[in-house]
file target-v9.pdb (PDB, N, CA and C atoms)
ATOM      1  N   MET A 603      -7.691  -3.085 -27.822
ATOM      2  CA  MET A 603      -6.366  -2.917 -27.233
ATOM      3  C   MET A 603      -5.563  -4.189 -27.517
ATOM      4  N   THR A 604      -4.355  -4.005 -27.984
ATOM      5  CA  THR A 604      -3.504  -5.148 -28.305
ATOM      6  C   THR A 604      -2.944  -5.773 -27.038
ATOM      7  N   HIS A 605      -2.405  -6.959 -27.198
ATOM      8  CA  HIS A 605      -1.791  -7.662 -26.064
ATOM      9  C   HIS A 605      -0.644  -6.828 -25.476
ATOM     10  N   ALA A 606       0.174  -6.249 -26.335
ATOM     11  CA  ALA A 606       1.304  -5.432 -25.865
ATOM     12  C   ALA A 606       0.811  -4.207 -25.095
ATOM     13  N   GLU A 607      -0.262  -3.603 -25.557
ATOM     14  CA  GLU A 607      -0.815  -2.437 -24.850
ATOM     15  C   GLU A 607      -1.359  -2.837 -23.480
ATOM     16  N   ARG A 608      -2.039  -3.977 -23.425
ATOM     17  CA  ARG A 608      -2.565  -4.457 -22.139
ATOM     18  C   ARG A 608      -1.429  -4.728 -21.164
ATOM     19  N   ARG A 609      -0.353  -5.324 -21.664
ATOM     20  CA  ARG A 609       0.809  -5.593 -20.797
ATOM     21  C   ARG A 609       1.424  -4.287 -20.294
ATOM     22  N   ARG A 610       1.487  -3.283 -21.153
ATOM     23  CA  ARG A 610       2.049  -1.993 -20.768
ATOM     24  C   ARG A 610       1.178  -1.323 -19.693
ATOM     25  N   VAL A 611      -0.128  -1.383 -19.864
ATOM     26  CA  VAL A 611      -1.053  -0.817 -18.876
ATOM     27  C   VAL A 611      -0.920  -1.565 -17.557
ATOM     28  N   ALA A 612      -0.845  -2.889 -17.618
ATOM     29  CA  ALA A 612      -0.714  -3.699 -16.405
ATOM     30  C   ALA A 612       0.580  -3.362 -15.674
ATOM     31  N   ALA A 613       1.671  -3.232 -16.426
ATOM     32  CA  ALA A 613       2.955  -2.893 -15.802
ATOM     33  C   ALA A 613       2.879  -1.520 -15.151
ATOM     34  N   GLY A 614       2.176  -0.601 -15.774
ATOM     35  CA  GLY A 614       2.002   0.734 -15.194
ATOM     36  C   GLY A 614       1.239   0.693 -13.884
ATOM     37  N   ARG A 615       0.200  -0.146 -13.825
ATOM     38  CA  ARG A 615      -0.576  -0.283 -12.581
ATOM     39  C   ARG A 615       0.293  -0.826 -11.451
ATOM     40  N   VAL A 616       1.117  -1.805 -11.775
ATOM     41  CA  VAL A 616       1.996  -2.393 -10.755
ATOM     42  C   VAL A 616       3.011  -1.341 -10.289
ATOM     43  N   ARG A 617       3.562  -0.571 -11.220
ATOM     44  CA  ARG A 617       4.506   0.493 -10.835
ATOM     45  C   ARG A 617       3.839   1.525  -9.932
ATOM     46  N   GLU A 618       2.597   1.894 -10.254
ATOM     47  CA  GLU A 618       1.858   2.837  -9.415
ATOM     48  C   GLU A 618       1.695   2.292  -7.999
ATOM     49  N   ALA A 619       1.377   1.006  -7.898
ATOM     50  CA  ALA A 619       1.222   0.388  -6.581
ATOM     51  C   ALA A 619       2.548   0.384  -5.830
ATOM     52  N   GLU A 620       3.634   0.063  -6.526
ATOM     53  CA  GLU A 620       4.952   0.072  -5.888
ATOM     54  C   GLU A 620       5.321   1.481  -5.416
ATOM     55  N   ASP A 621       5.003   2.485  -6.220
ATOM     56  CA  ASP A 621       5.261   3.877  -5.820
ATOM     57  C   ASP A 621       4.441   4.256  -4.588
ATOM     58  N   ALA A 622       3.177   3.822  -4.566
ATOM     59  CA  ALA A 622       2.315   4.110  -3.418
ATOM     60  C   ALA A 622       2.860   3.467  -2.152
ATOM     61  N   VAL A 623       3.344   2.239  -2.270
ATOM     62  CA  VAL A 623       3.929   1.545  -1.115
ATOM     63  C   VAL A 623       5.141   2.318  -0.612
ATOM     64  N   GLU A 624       5.992   2.762  -1.521
ATOM     65  CA  GLU A 624       7.194   3.496  -1.105
ATOM     66  C   GLU A 624       6.833   4.833  -0.453
ATOM     67  N   LYS A 625       5.848   5.544  -0.998
ATOM     68  CA  LYS A 625       5.407   6.804  -0.388
ATOM     69  C   LYS A 625       4.855   6.560   1.012
ATOM     70  N   LEU A 626       4.061   5.506   1.150
ATOM     71  CA  LEU A 626       3.510   5.167   2.460
ATOM     72  C   LEU A 626       4.621   4.794   3.425
ATOM     73  N   ARG A 627       5.574   4.002   2.968
ATOM     74  CA  ARG A 627       6.701   3.587   3.813
ATOM     75  C   ARG A 627       7.470   4.834   4.308
ATOM     76  N   GLN A 628       7.738   5.768   3.405
ATOM     77  CA  GLN A 628       8.469   6.980   3.786
ATOM     78  C   GLN A 628       7.643   7.860   4.723
ATOM     79  N   GLY A 629       6.351   7.958   4.462
ATOM     80  CA  GLY A 629       5.480   8.731   5.341
ATOM     81  C   GLY A 629       5.424   8.158   6.744
ATOM     82  N   LEU A 630       5.315   6.858   6.844
ATOM     83  CA  LEU A 630       5.313   6.201   8.153
ATOM     84  C   LEU A 630       6.659   6.395   8.848
ATOM     85  N   LYS A 631       7.734   6.277   8.076
ATOM     86  CA  LYS A 631       9.071   6.471   8.645
ATOM     87  C   LYS A 631       9.201   7.880   9.215
ATOM     88  N   GLY A 632       8.589   8.851   8.545
ATOM     89  CA  GLY A 632       8.642  10.237   8.995
ATOM     90  C   GLY A 632       7.999  10.471  10.349
ATOM     91  N   VAL A 633       7.093   9.597  10.738
ATOM     92  CA  VAL A 633       6.463   9.718  12.059
ATOM     93  C   VAL A 633       6.934   8.613  12.992
ATOM     94  N   GLY A 634       8.040   7.969  12.610
ATOM     95  CA  GLY A 634       8.659   6.975  13.485
ATOM     96  C   GLY A 634       7.998   5.616  13.500
ATOM     97  N   LEU A 635       7.294   5.275  12.424
ATOM     98  CA  LEU A 635       6.609   3.984  12.359
ATOM     99  C   LEU A 635       7.101   3.175  11.175
ATOM    100  N   ALA A 636       7.012   1.864  11.313
ATOM    101  CA  ALA A 636       7.342   0.959  10.214
ATOM    102  C   ALA A 636       6.373  -0.211  10.239
ATOM    103  N   LEU A 637       5.873  -0.565   9.078
ATOM    104  CA  LEU A 637       5.067  -1.774   8.930
ATOM    105  C   LEU A 637       5.941  -2.767   8.177
ATOM    106  N   PRO A 638       6.514  -3.736   8.894
ATOM    107  CA  PRO A 638       7.493  -4.640   8.291
ATOM    108  C   PRO A 638       6.974  -5.433   7.099
ATOM    109  N   SER A 639       5.687  -5.698   7.051
ATOM    110  CA  SER A 639       5.133  -6.519   5.974
ATOM    111  C   SER A 639       4.527  -5.690   4.851
ATOM    112  N   LEU A 640       4.689  -4.384   4.870
ATOM    113  CA  LEU A 640       4.130  -3.500   3.847
ATOM    114  C   LEU A 640       4.678  -3.878   2.479
ATOM    115  N   ARG A 641       3.762  -4.116   1.512
ATOM    116  CA  ARG A 641       4.188  -4.535   0.174
ATOM    117  C   ARG A 641       3.017  -4.485  -0.787
ATOM    118  N   VAL A 642       3.317  -4.655  -2.057
ATOM    119  CA  VAL A 642       2.279  -4.855  -3.054
ATOM    120  C   VAL A 642       1.898  -6.331  -2.992
ATOM    121  N   ASP A 643       0.614  -6.616  -2.925
ATOM    122  CA  ASP A 643       0.133  -7.991  -2.869
ATOM    123  C   ASP A 643       0.370  -8.660  -4.223
ATOM    124  N   PRO A 644       1.235  -9.670  -4.264
ATOM    125  CA  PRO A 644       1.573 -10.273  -5.555
ATOM    126  C   PRO A 644       0.390 -10.965  -6.241
ATOM    127  N   VAL A 645      -0.526 -11.531  -5.479
ATOM    128  CA  VAL A 645      -1.663 -12.228  -6.082
ATOM    129  C   VAL A 645      -2.555 -11.239  -6.839
ATOM    130  N   SER A 646      -2.684 -10.028  -6.315
ATOM    131  CA  SER A 646      -3.534  -9.035  -6.976
ATOM    132  C   SER A 646      -2.916  -8.524  -8.279
ATOM    133  N   CYS A 647      -1.646  -8.840  -8.506
ATOM    134  CA  CYS A 647      -0.955  -8.417  -9.731
ATOM    135  C   CYS A 647      -0.993  -9.483 -10.807
ATOM    136  N   ALA A 648      -1.618 -10.608 -10.511
ATOM    137  CA  ALA A 648      -1.667 -11.714 -11.463
ATOM    138  C   ALA A 648      -2.779 -11.506 -12.486
ATOM    139  N   GLY A 649      -2.699 -12.202 -13.542
ATOM    140  CA  GLY A 649      -3.745 -12.170 -14.562
ATOM    141  C   GLY A 649      -3.479 -11.151 -15.655
ATOM    142  N   ASN A 650      -4.392 -11.102 -16.610
ATOM    143  CA  ASN A 650      -4.244 -10.205 -17.753
ATOM    144  C   ASN A 650      -4.508  -8.742 -17.411
ATOM    145  N   GLU A 651      -5.377  -8.496 -16.461
ATOM    146  CA  GLU A 651      -5.706  -7.130 -16.063
ATOM    147  C   GLU A 651      -5.571  -7.013 -14.546
ATOM    148  N   PRO A 652      -4.336  -6.864 -14.062
ATOM    149  CA  PRO A 652      -4.124  -6.835 -12.615
ATOM    150  C   PRO A 652      -4.762  -5.612 -11.962
ATOM    151  N   ALA A 653      -5.188  -5.806 -10.750
ATOM    152  CA  ALA A 653      -5.718  -4.723  -9.925
ATOM    153  C   ALA A 653      -4.903  -4.735  -8.636
ATOM    154  N   PRO A 654      -3.683  -4.185  -8.677
ATOM    155  CA  PRO A 654      -2.778  -4.278  -7.526
ATOM    156  C   PRO A 654      -3.386  -3.713  -6.241
ATOM    157  N   LEU A 655      -3.171  -4.445  -5.173
ATOM    158  CA  LEU A 655      -3.586  -4.031  -3.838
ATOM    159  C   LEU A 655      -2.348  -3.831  -2.983
ATOM    160  N   VAL A 656      -2.431  -2.881  -2.053
ATOM    161  CA  VAL A 656      -1.344  -2.672  -1.105
ATOM    162  C   VAL A 656      -1.662  -3.492   0.136
ATOM    163  N   ASP A 657      -0.752  -4.377   0.478
ATOM    164  CA  ASP A 657      -0.891  -5.228   1.659
ATOM    165  C   ASP A 657      -0.168  -4.531   2.807
ATOM    166  N   LEU A 658      -0.928  -4.062   3.784
ATOM    167  CA  LEU A 658      -0.319  -3.381   4.922
ATOM    168  C   LEU A 658       0.356  -4.362   5.861
ATOM    169  N   GLY A 659      -0.036  -5.608   5.784
ATOM    170  CA  GLY A 659       0.657  -6.650   6.529
ATOM    171  C   GLY A 659       0.367  -6.657   8.017
ATOM    172  N   ARG A 660       1.267  -7.305   8.723
ATOM    173  CA  ARG A 660       1.116  -7.475  10.167
ATOM    174  C   ARG A 660       2.067  -6.539  10.889
ATOM    175  N   CYS A 661       1.701  -6.193  12.121
ATOM    176  CA  CYS A 661       2.577  -5.363  12.942
ATOM    177  C   CYS A 661       2.330  -5.707  14.408
ATOM    178  N   THR A 662       3.204  -5.216  15.259
ATOM    179  CA  THR A 662       3.053  -5.460  16.692
ATOM    180  C   THR A 662       1.904  -4.621  17.244
ATOM    181  N   ILE A 663       1.435  -4.981  18.415
ATOM    182  CA  ILE A 663       0.376  -4.210  19.069
ATOM    183  C   ILE A 663       0.849  -2.783  19.320
ATOM    184  N   ASP A 664       2.097  -2.621  19.744
ATOM    185  CA  ASP A 664       2.645  -1.296  19.982
ATOM    186  C   ASP A 664       2.593  -0.439  18.714
ATOM    187  N   THR A 665       2.979  -1.017  17.595
ATOM    188  CA  THR A 665       2.940  -0.274  16.332
ATOM    189  C   THR A 665       1.507   0.086  15.965
ATOM    190  N   ALA A 666       0.563  -0.827  16.155
ATOM    191  CA  ALA A 666      -0.840  -0.542  15.863
ATOM    192  C   ALA A 666      -1.364   0.604  16.721
ATOM    193  N   LEU A 667      -1.002   0.608  17.992
ATOM    194  CA  LEU A 667      -1.442   1.686  18.879
ATOM    195  C   LEU A 667      -0.796   3.017  18.506
ATOM    196  N   ARG A 668       0.487   2.989  18.156
ATOM    197  CA  ARG A 668       1.176   4.215  17.741
ATOM    198  C   ARG A 668       0.582   4.748  16.437
ATOM    199  N   LEU A 669       0.267   3.859  15.514
ATOM    200  CA  LEU A 669      -0.351   4.261  14.257
ATOM    201  C   LEU A 669      -1.727   4.875  14.510
ATOM    202  N   SER A 670      -2.494   4.273  15.378
ATOM    203  CA  SER A 670      -3.800   4.824  15.738
ATOM    204  C   SER A 670      -3.669   6.218  16.327
ATOM    205  N   ALA A 671      -2.670   6.417  17.171
ATOM    206  CA  ALA A 671      -2.448   7.737  17.778
ATOM    207  C   ALA A 671      -2.078   8.763  16.716
ATOM    208  N   VAL A 672      -1.201   8.394  15.786
ATOM    209  CA  VAL A 672      -0.795   9.317  14.718
ATOM    210  C   VAL A 672      -1.983   9.683  13.841
ATOM    211  N   LEU A 673      -2.873   8.735  13.607
ATOM    212  CA  LEU A 673      -4.042   8.973  12.767
ATOM    213  C   LEU A 673      -5.170   9.662  13.525
ATOM    214  N   GLY A 674      -4.995   9.881  14.816
ATOM    215  CA  GLY A 674      -6.022  10.540  15.603
ATOM    216  C   GLY A 674      -7.158   9.625  16.000
ATOM    217  N   ALA A 675      -6.933   8.328  15.961
ATOM    218  CA  ALA A 675      -7.980   7.365  16.284
ATOM    219  C   ALA A 675      -8.074   7.104  17.778
ATOM    220  N   ASP A 676      -7.407   7.934  18.573
ATOM    221  CA  ASP A 676      -7.450   7.733  20.018
ATOM    222  C   ASP A 676      -8.629   8.469  20.654
ATOM    223  N   GLY A 677      -9.524   9.003  19.821
ATOM    224  CA  GLY A 677     -10.718   9.658  20.335
ATOM    225  C   GLY A 677     -10.571  11.162  20.476
ATOM    226  N   GLN A 678      -9.395  11.704  20.350
ATOM    227  CA  GLN A 678      -9.184  13.122  20.551
ATOM    228  C   GLN A 678      -9.537  13.953  19.311
ATOM    229  N   GLN A 679      -9.560  13.363  18.144
ATOM    230  CA  GLN A 679      -9.844  14.083  16.916
ATOM    231  C   GLN A 679     -11.339  14.092  16.575
ATOM    232  N   GLY A 680     -12.122  13.357  17.308
ATOM    233  CA  GLY A 680     -13.548  13.268  17.009
ATOM    234  C   GLY A 680     -13.826  12.195  15.973
ATOM    235  N   ASP A 681     -15.093  11.922  15.756
ATOM    236  CA  ASP A 681     -15.507  10.890  14.803
ATOM    237  C   ASP A 681     -15.422  11.432  13.398
ATOM    238  N   ARG A 682     -14.767  10.691  12.488
ATOM    239  CA  ARG A 682     -14.592  11.136  11.111
ATOM    240  C   ARG A 682     -15.525  10.406  10.159
ATOM    241  N   THR A 683     -16.458   9.624  10.645
ATOM    242  CA  THR A 683     -17.327   8.870   9.736
ATOM    243  C   THR A 683     -18.539   9.651   9.355
TER     244      THR A 683
END

call {"tool": "encode", "arguments": {"input": "target-v9.pdb", "output": "structure tokens"}}
result
Amino acid sequence: MTHAERRRVAAGRVREAEDAVEKLRQGLKGVGLALPSLRVDPVSCAGNEPAPLVDLGRCTIDTALRLSAVLGADGQQGDRT
């Protein structure tokens, strides 16, 4: 694979991560939640072959509890493990 091809693949991975962040942001917004620090982790995008990670970031306790309730982690949905 040439250098230009590697750069193109890397850029595609970063775009995929950015798209995933936006989909997650919109999905959370749809249930009345926001994670203010939600972003693509810039360090994971560094190097010749980036492996982008989504950084969910920090949120308030209220937001964490609301997110847990939306995900069914309040014990009412049963154990999913």

call {"tool": "residues_around", "arguments": {"input": "target-v9.pdb", "residues": "Arg660 (chain A)", "least_positions_apart": "6", "cutoff": "8 Å", "atoms": "only N, CA and C atoms", "output": "list in words"}}
result
Ala636, Leu637, Pro638, Ser639, Leu640 and Ala666 of chain A

call {"tool": "write_last_selection", "arguments": {"input": "target-v9.pdb", "atoms": "N, CA and C atoms", "output": "compact mmCIF listing (two decimals), in the coordinates of the input"}}
result
# COMPACT_ATOMS: atom_id res chain seq x y z
N ALA A 636 7.01 1.86 11.31
CA ALA A 636 7.34 0.96 10.21
C ALA A 636 6.37 -0.21 10.24
N LEU A 637 5.87 -0.56 9.08
CA LEU A 637 5.07 -1.77 8.93
C LEU A 637 5.94 -2.77 8.18
N PRO A 638 6.51 -3.74 8.89
CA PRO A 638 7.49 -4.64 8.29
C PRO A 638 6.97 -5.43 7.10
N SER A 639 5.69 -5.70 7.05
CA SER A 639 5.13 -6.52 5.97
C SER A 639 4.53 -5.69 4.85
N LEU A 640 4.69 -4.38 4.87
CA LEU A 640 4.13 -3.50 3.85
C LEU A 640 4.68 -3.88 2.48
N ALA A 666 0.56 -0.83 16.16
CA ALA A 666 -0.84 -0.54 15.86
C ALA A 666 -1.36 0.60 16.72

call {"tool": "resolve_selection", "arguments": {"input": "target-v9.pdb", "expression": "the PyMOL selection byres (((chain A and resi 644-652 and name CA) around 10) and name CA)", "output": "list in words"}}
result
His605, Arg608, Arg609, Val611, Ala612, Ala613, Arg615, Val616, Ala619, Arg641, Val642, Asp643, Ala653, Pro654, Leu655, Val656 and Asp657 of chain A

call {"tool": "residues_near_point", "arguments": {"input": "target-v9.pdb", "point": "(6.3, 3.0, 15.2)", "cutoff": "8 Å", "atoms": "all atoms listed in the file", "output": "ChimeraX atom specification"}}
result
/A:630-631,633-637,664-669

call {"tool": "select_by_dssp", "arguments": {"input": "target-v9.pdb", "residues": "region 604-683 of chain A", "states": "strand (DSSP E or B)", "output": "MDAnalysis selection string"}}
result
chainID A and resid 641:642 656:657
